[in-house]
>>> print(open('final.txt').read())   # compact mmCIF, C-alpha atoms
# COMPACT_ATOMS: atom_id res chain seq x y z
CA LEU T 232 -98.06 159.60 -22.58
CA ILE T 233 -101.35 158.14 -23.76
CA ASP T 234 -104.94 159.12 -23.09
CA SER T 235 -106.67 156.51 -20.94
CA SER T 236 -109.47 156.21 -23.50
CA LEU T 237 -106.89 154.71 -25.88
CA MET T 238 -105.64 152.13 -23.40
CA GLY T 239 -106.50 148.46 -23.70
CA PRO T 240 -105.24 144.95 -22.96
CA ASP T 241 -101.85 145.49 -24.61
CA HIS T 242 -101.15 148.48 -22.36
CA TRP T 243 -102.37 146.60 -19.30
CA ALA T 244 -99.91 143.83 -20.16
CA GLU T 245 -97.09 146.39 -20.32
CA ILE T 246 -97.96 147.56 -16.81
CA THR T 247 -97.87 143.99 -15.51
CA GLU T 248 -94.47 143.50 -17.16
CA ASP T 249 -93.08 146.56 -15.35
CA ILE T 250 -94.45 145.33 -12.02
CA SER T 251 -93.12 141.83 -12.62
CA ALA T 252 -89.65 143.09 -13.57
CA ASN T 253 -89.40 145.14 -10.36
CA TYR T 254 -91.52 142.98 -8.08
CA PHE T 255 -88.78 142.03 -5.62
CA ASP T 256 -87.14 145.47 -5.55
CA PHE T 257 -90.02 147.53 -4.17
CA ASP T 258 -92.55 147.31 -1.34
CA GLY T 259 -95.47 148.46 -3.47
CA PHE T 260 -96.42 150.06 -6.76
CA VAL T 261 -98.38 153.14 -7.83
CA VAL T 262 -99.88 153.40 -11.31
CA ILE T 263 -100.84 156.90 -12.47
CA MET T 264 -103.28 157.19 -15.36
CA GLY T 265 -106.36 158.99 -16.61
CA THR T 266 -109.63 158.30 -14.86
CA ASP T 267 -111.85 157.38 -17.82
CA THR T 268 -110.68 153.75 -18.01
CA MET T 269 -108.90 153.44 -14.68
CA ALA T 270 -111.52 151.08 -13.23
CA TYR T 271 -111.14 148.78 -16.24
CA ALA T 272 -107.34 148.73 -16.10
CA ALA T 273 -107.17 148.23 -12.34
CA SER T 274 -109.78 145.50 -12.43
CA ALA T 275 -107.93 143.70 -15.23
CA LEU T 276 -104.66 143.81 -13.30
CA SER T 277 -106.36 142.35 -10.24
CA PHE T 278 -106.78 139.16 -12.27
CA MET T 279 -103.57 139.37 -14.31
CA LEU T 280 -101.39 139.52 -11.18
CA GLU T 281 -102.00 136.13 -9.59
CA ASN T 282 -100.88 135.54 -6.00
CA LEU T 283 -99.99 139.21 -5.62
CA GLY T 284 -98.21 139.73 -2.32
CA LYS T 285 -97.81 143.50 -2.49
CA THR T 286 -100.02 146.56 -2.82
CA VAL T 287 -100.65 147.98 -6.29
CA VAL T 288 -102.48 151.32 -6.23
CA PHE T 289 -104.05 153.07 -9.22
CA THR T 290 -104.67 156.78 -8.95
CA GLY T 291 -105.12 159.93 -11.00
CA SER T 292 -106.98 163.19 -10.72
CA GLN T 293 -109.96 165.15 -11.93
CA ILE T 294 -107.94 168.39 -12.08
CA PRO T 295 -104.51 168.41 -13.79
CA PHE T 296 -101.40 168.56 -11.59
CA CYS T 297 -100.29 171.78 -13.33
CA ASN T 298 -103.27 173.72 -11.96
CA VAL T 299 -102.78 175.68 -8.74
CA TYR T 300 -105.86 174.02 -7.27
CA ASN T 301 -105.93 170.30 -7.98
CA ASP T 302 -106.64 166.92 -6.45
CA ALA T 303 -103.67 165.26 -8.11
CA ARG T 304 -101.09 165.99 -5.40
CA ARG T 305 -103.23 164.63 -2.57
CA ASN T 306 -104.22 161.48 -4.45
CA LEU T 307 -100.60 160.80 -5.41
CA VAL T 308 -99.17 161.36 -1.92
CA VAL T 309 -101.81 159.17 -0.27
CA SER T 310 -101.29 156.45 -2.88
CA ILE T 311 -97.53 156.38 -2.30
CA ILE T 312 -97.98 156.25 1.48
CA PHE T 313 -100.52 153.46 1.19
CA ALA T 314 -98.52 151.42 -1.36
CA ALA T 315 -95.35 151.68 0.70
CA GLY T 316 -96.83 151.16 4.14
CA SER T 317 -99.83 148.86 3.86
CA ASP T 318 -99.96 145.08 3.75
CA PHE T 319 -102.85 144.81 1.30
CA SER T 320 -102.08 141.99 -1.13
CA GLU T 321 -104.19 143.27 -3.99
CA VAL T 322 -104.83 145.94 -6.60
CA CYS T 323 -106.62 149.04 -5.31
CA ILE T 324 -107.84 152.42 -6.50
CA CYS T 325 -107.04 155.45 -4.36
CA PHE T 326 -109.19 158.51 -4.94
CA ASN T 327 -110.50 161.35 -2.80
CA ASP T 328 -109.40 159.89 0.53
CA LYS T 329 -110.77 156.39 -0.12
CA ILE T 330 -109.10 153.10 -1.01
CA PHE T 331 -111.29 150.77 -3.07
CA ARG T 332 -110.87 147.18 -4.19
CA ALA T 333 -110.08 147.57 -7.89
CA ASN T 334 -112.45 144.97 -9.27
CA ARG T 335 -115.41 146.33 -7.28
CA THR T 336 -114.97 149.95 -8.40
CA ILE T 337 -116.64 152.07 -11.08
CA LYS T 338 -116.36 155.69 -12.14
CA VAL T 339 -119.50 157.53 -11.07
CA ASN T 340 -118.66 161.22 -11.52
CA SER T 341 -116.92 163.03 -14.37
CA VAL T 342 -116.76 166.49 -12.82
CA GLY T 343 -116.64 166.05 -9.04
CA LEU T 344 -113.61 165.04 -7.02
CA ASP T 345 -115.45 161.99 -5.66
CA ALA T 346 -115.09 160.29 -9.03
CA PHE T 347 -115.07 156.63 -7.98
CA ASP T 348 -117.28 154.45 -5.85
CA SER T 349 -117.77 150.81 -4.95
CA PRO T 350 -121.57 150.57 -4.80
CA ASN T 351 -121.84 147.02 -3.47
CA TYR T 352 -118.66 146.84 -1.39
CA PRO T 353 -117.36 149.19 1.33
CA PRO T 354 -114.01 151.00 0.90
CA LEU T 355 -111.01 149.03 2.08
CA ALA T 356 -109.78 152.14 3.86
CA THR T 357 -110.67 155.80 4.37
CA ILE T 358 -108.22 158.60 5.01
CA GLY T 359 -108.78 161.39 7.53
CA ALA T 360 -106.45 162.47 10.30
CA SER T 361 -105.30 158.84 10.09
CA ILE T 362 -105.85 155.89 7.77
CA ARG T 363 -108.80 153.79 8.93
CA VAL T 364 -108.48 150.29 7.47
CA ASN T 365 -111.34 147.79 7.33
CA ARG T 366 -109.24 144.76 8.23
CA ASP T 367 -112.13 142.34 7.91
CA LEU T 368 -112.28 143.16 4.18
CA CYS T 369 -108.61 142.48 3.48
CA LEU T 370 -107.64 139.56 1.30
CA PRO T 371 -105.50 136.87 2.94
CA PRO T 372 -101.81 136.66 1.98
CA PRO T 373 -101.15 134.64 -1.19
CA ARG T 374 -100.38 130.96 -0.78
CA GLY T 375 -98.67 130.40 -4.12
CA ALA T 376 -95.88 131.90 -6.19
CA PHE T 377 -96.44 135.26 -7.88
CA ARG T 378 -97.48 134.81 -11.52
CA VAL T 379 -98.33 137.25 -14.31
CA HIS T 380 -100.93 136.53 -16.99
CA LYS T 381 -100.36 138.75 -20.00
CA THR T 382 -102.54 137.07 -22.62
CA LEU T 383 -106.08 138.43 -22.76
CA ASN T 384 -108.81 137.64 -25.25
CA SER T 385 -110.58 140.84 -26.23
CA LYS T 386 -113.09 139.21 -28.59
CA VAL T 387 -115.90 139.94 -26.16
CA ILE T 388 -118.92 142.19 -26.49
CA VAL T 389 -120.99 143.69 -23.68
CA LEU T 390 -124.63 144.62 -24.31
CA LYS T 391 -126.89 146.53 -21.94
CA LEU T 392 -130.50 145.35 -22.07
CA VAL T 393 -133.21 148.01 -22.10
CA PRO T 394 -136.98 147.46 -22.14
CA GLY T 395 -138.29 146.98 -25.66
CA PHE T 396 -134.91 146.29 -27.26
CA ASP T 397 -134.86 144.64 -30.69
CA ASP T 398 -133.53 141.10 -30.33
CA SER T 399 -132.81 140.84 -34.05
CA MET T 400 -129.76 143.06 -33.54
CA ILE T 401 -128.31 140.63 -31.00
CA HIS T 402 -129.19 137.69 -33.24
CA ALA T 403 -127.47 139.29 -36.26
CA LEU T 404 -124.41 140.15 -34.21
CA ILE T 405 -124.01 136.56 -33.05
CA GLN T 406 -124.90 134.99 -36.38
CA HIS T 407 -122.42 136.99 -38.44
CA SER T 408 -119.56 137.10 -35.95
CA ILE T 409 -116.50 135.04 -36.83
CA ASP T 410 -114.28 135.25 -33.76
CA LEU T 411 -116.68 136.29 -31.00
CA LYS T 412 -115.74 134.33 -27.87
CA ALA T 413 -118.14 135.68 -25.27
CA LEU T 414 -121.35 137.66 -24.99
CA VAL T 415 -122.03 139.55 -21.75
CA LEU T 416 -125.57 140.79 -21.16
CA GLU T 417 -125.99 143.54 -18.59
CA MET T 418 -129.41 142.73 -17.19
CA TYR T 419 -131.91 144.26 -14.78
CA GLY T 420 -131.66 144.45 -11.01
CA THR T 421 -129.95 141.41 -9.53
CA GLY T 422 -129.74 139.70 -12.91
CA ASN T 423 -133.34 139.51 -14.10
CA GLY T 424 -134.14 139.33 -17.79
CA PRO T 425 -137.11 138.80 -20.12
CA SER T 426 -137.15 135.01 -19.73
CA ARG T 427 -140.31 134.66 -21.84
CA LYS T 428 -139.00 136.67 -24.77
CA GLN T 429 -138.48 133.89 -27.29
CA SER T 430 -136.47 135.95 -29.78
CA LEU T 431 -133.88 136.73 -27.10
CA LEU T 432 -133.75 133.10 -26.00
CA ASP T 433 -133.20 132.09 -29.64
CA ALA T 434 -130.25 134.50 -29.87
CA ILE T 435 -128.73 133.08 -26.69
CA ARG T 436 -129.31 129.55 -27.98
CA LEU T 437 -127.52 130.46 -31.22
CA ALA T 438 -124.56 131.73 -29.23
CA LYS T 439 -124.46 128.43 -27.36
CA GLU T 440 -124.53 126.46 -30.60
CA LYS T 441 -121.61 128.50 -31.97
CA GLY T 442 -119.60 127.77 -28.84
CA ASP T 443 -119.66 131.33 -27.47
CA GLN T 444 -119.70 131.81 -23.73
CA ARG T 445 -122.77 133.60 -22.34
CA TRP T 446 -122.68 135.68 -19.18
CA GLY T 447 -125.29 137.66 -17.33
CA SER T 448 -124.29 140.74 -15.34
CA THR T 449 -126.25 142.64 -12.70
>>> encode(input="final.txt", output="structure tokens")
Amino acid sequence: LIDSSLMGPDHWAEITEDISANYFDFDGFVVIMGTDTMAYAASALSFMLENLGKTVVFTGSQIPFCNVYNDARRNLVVSIIFAAGSDFSEVCICFNDKIFRANRTIKVNSVGLDAFDSPNYPPLATIGASIRVNRDLCLPPPRGAFRVHKTLNSKVIVLKLVPGFDDSMIHALIQHSIDLKALVLEMYGTGNGPSRKQSLLDAIRLAKEKGDQRWGST
């Protein structure tokens, strides 16, 4: 066992290897892990498993399975039912009676049972007396052969912009980095940034000159 906070690309690759090795023997797959980095792992697998033709469901719990009162049993049972019986060709997260698209999901609550949400995309399905599936949100079946990508480049840094931040820190980070491959800036609103802040533009220009990829995130 490993705490989810210790998991990274190497562990994600191990999960893809297990799925690949058993891909044609099972109707679907359930991955059980801690919730802290579940959204990261599930999102990564959604890109690592190309042309996925089966349902892969990530789940976990806020309260340990060993406790008399817990959410683990319900999440696990629903995940197994959904993985075995649905025709979703993608990676999902199942939590608190909702099925989310993995790469649209974030953890929003550390103490409540409604730990995950997909702020800009509706749930793929909700569970009540029956499973209500939003068919119009389903991905189409894959058109190519199933492939697994296990090589990830982790030489990426993500920075959250805040008003009044010191651009010299970003500049120094880029200037003295040796193997940095990409810089992701988490910006304001729908992707707005201080476009007239010359020191920030100089830092971004330096990254471009060094060959680093630059990305803006909303």
>>> residues_around(input="final.txt", residues="stretch 272-274 of chain T", least_positions_apart="5", cutoff="10 Å", atoms="only C-alpha atoms", output="ChimeraX atom specification")
/T:235,238-240,242-244,246,262,264,266-267,279,287-290,322-324,332-337
>>> atom_distance(input="final.txt", atom1="atom CA of T:Gln444", atom2="atom CA of T:Leu390")
13.7 Å
>>> closest_residue(input="final.txt", among="T:Ala356, T:Met269, T:Leu383, T:Leu283", to="T:Lys338", atoms="only C-alpha atoms")
T:Met269
>>> atom_distance(input="final.txt", atom1="atom CA of T:Asp433", atom2="atom CA of T:Ala403")
11.3 Å
>>> closest_residue(input="final.txt", among="T:Ala376, T:Ile435, T:Ala303, T:Leu276", to="T:Val415", atoms="all atoms listed in the file")
T:Ile435
>>> residues_around(input="final.txt", residues="T:Pro425", least_positions_apart="6", cutoff="9 Å", atoms="all atoms listed in the file", output="JSON, numbers by chain")
{"T": [394, 431, 432]}
>>> residues_around(input="final.txt", residues="T:Leu404", least_positions_apart="2", cutoff="12 Å", atoms="only C-alpha atoms", output="PDB file with C-alpha atoms, in the coordinates of the input")
ATOM      1  CA  VAL T 387    -115.900 139.940 -26.160  1.00  0.00           C
ATOM      2  CA  ILE T 388    -118.920 142.190 -26.490  1.00  0.00           C
ATOM      3  CA  VAL T 389    -120.990 143.690 -23.680  1.00  0.00           C
ATOM      4  CA  LEU T 390    -124.630 144.620 -24.310  1.00  0.00           C
ATOM      5  CA  ASP T 397    -134.860 144.640 -30.690  1.00  0.00           C
ATOM      6  CA  ASP T 398    -133.530 141.100 -30.330  1.00  0.00           C
ATOM      7  CA  SER T 399    -132.810 140.840 -34.050  1.00  0.00           C
ATOM      8  CA  MET T 400    -129.760 143.060 -33.540  1.00  0.00           C
ATOM      9  CA  ILE T 401    -128.310 140.630 -31.000  1.00  0.00           C
ATOM     10  CA  HIS T 402    -129.190 137.690 -33.240  1.00  0.00           C
ATOM     11  CA  GLN T 406    -124.900 134.990 -36.380  1.00  0.00           C
ATOM     12  CA  HIS T 407    -122.420 136.990 -38.440  1.00  0.00           C
ATOM     13  CA  SER T 408    -119.560 137.100 -35.950  1.00  0.00           C
ATOM     14  CA  ILE T 409    -116.500 135.040 -36.830  1.00  0.00           C
ATOM     15  CA  ASP T 410    -114.280 135.250 -33.760  1.00  0.00           C
ATOM     16  CA  LEU T 411    -116.680 136.290 -31.000  1.00  0.00           C
ATOM     17  CA  ALA T 413    -118.140 135.680 -25.270  1.00  0.00           C
ATOM     18  CA  LEU T 414    -121.350 137.660 -24.990  1.00  0.00           C
ATOM     19  CA  ALA T 434    -130.250 134.500 -29.870  1.00  0.00           C
ATOM     20  CA  ILE T 435    -128.730 133.080 -26.690  1.00  0.00           C
ATOM     21  CA  LEU T 437    -127.520 130.460 -31.220  1.00  0.00           C
ATOM     22  CA  ALA T 438    -124.560 131.730 -29.230  1.00  0.00           C
TER      23      ALA T 438
END
>>> atom_distance(input="final.txt", atom1="atom CA of T:Tyr254", atom2="atom CA of T:Ala275")
17.9 Å
>>> residues_around(input="final.txt", residues="T:Asp328", least_positions_apart="6", cutoff="8 Å", atoms="only C-alpha atoms", output="list in words")
Asn306, Val309, Thr357, Ile358 and Gly359 of chain T
>>> closest_residue(input="final.txt", among="T:Ile263, T:Leu280, T:Ile311, T:Met418", to="T:Phe296", atoms="only C-alpha atoms")
T:Ile263
>>> closest_residue(input="final.txt", among="T:Arg366, T:Arg378, T:Lys391, T:Lys329", to="T:Pro354", atoms="only C-alpha atoms")
T:Lys329
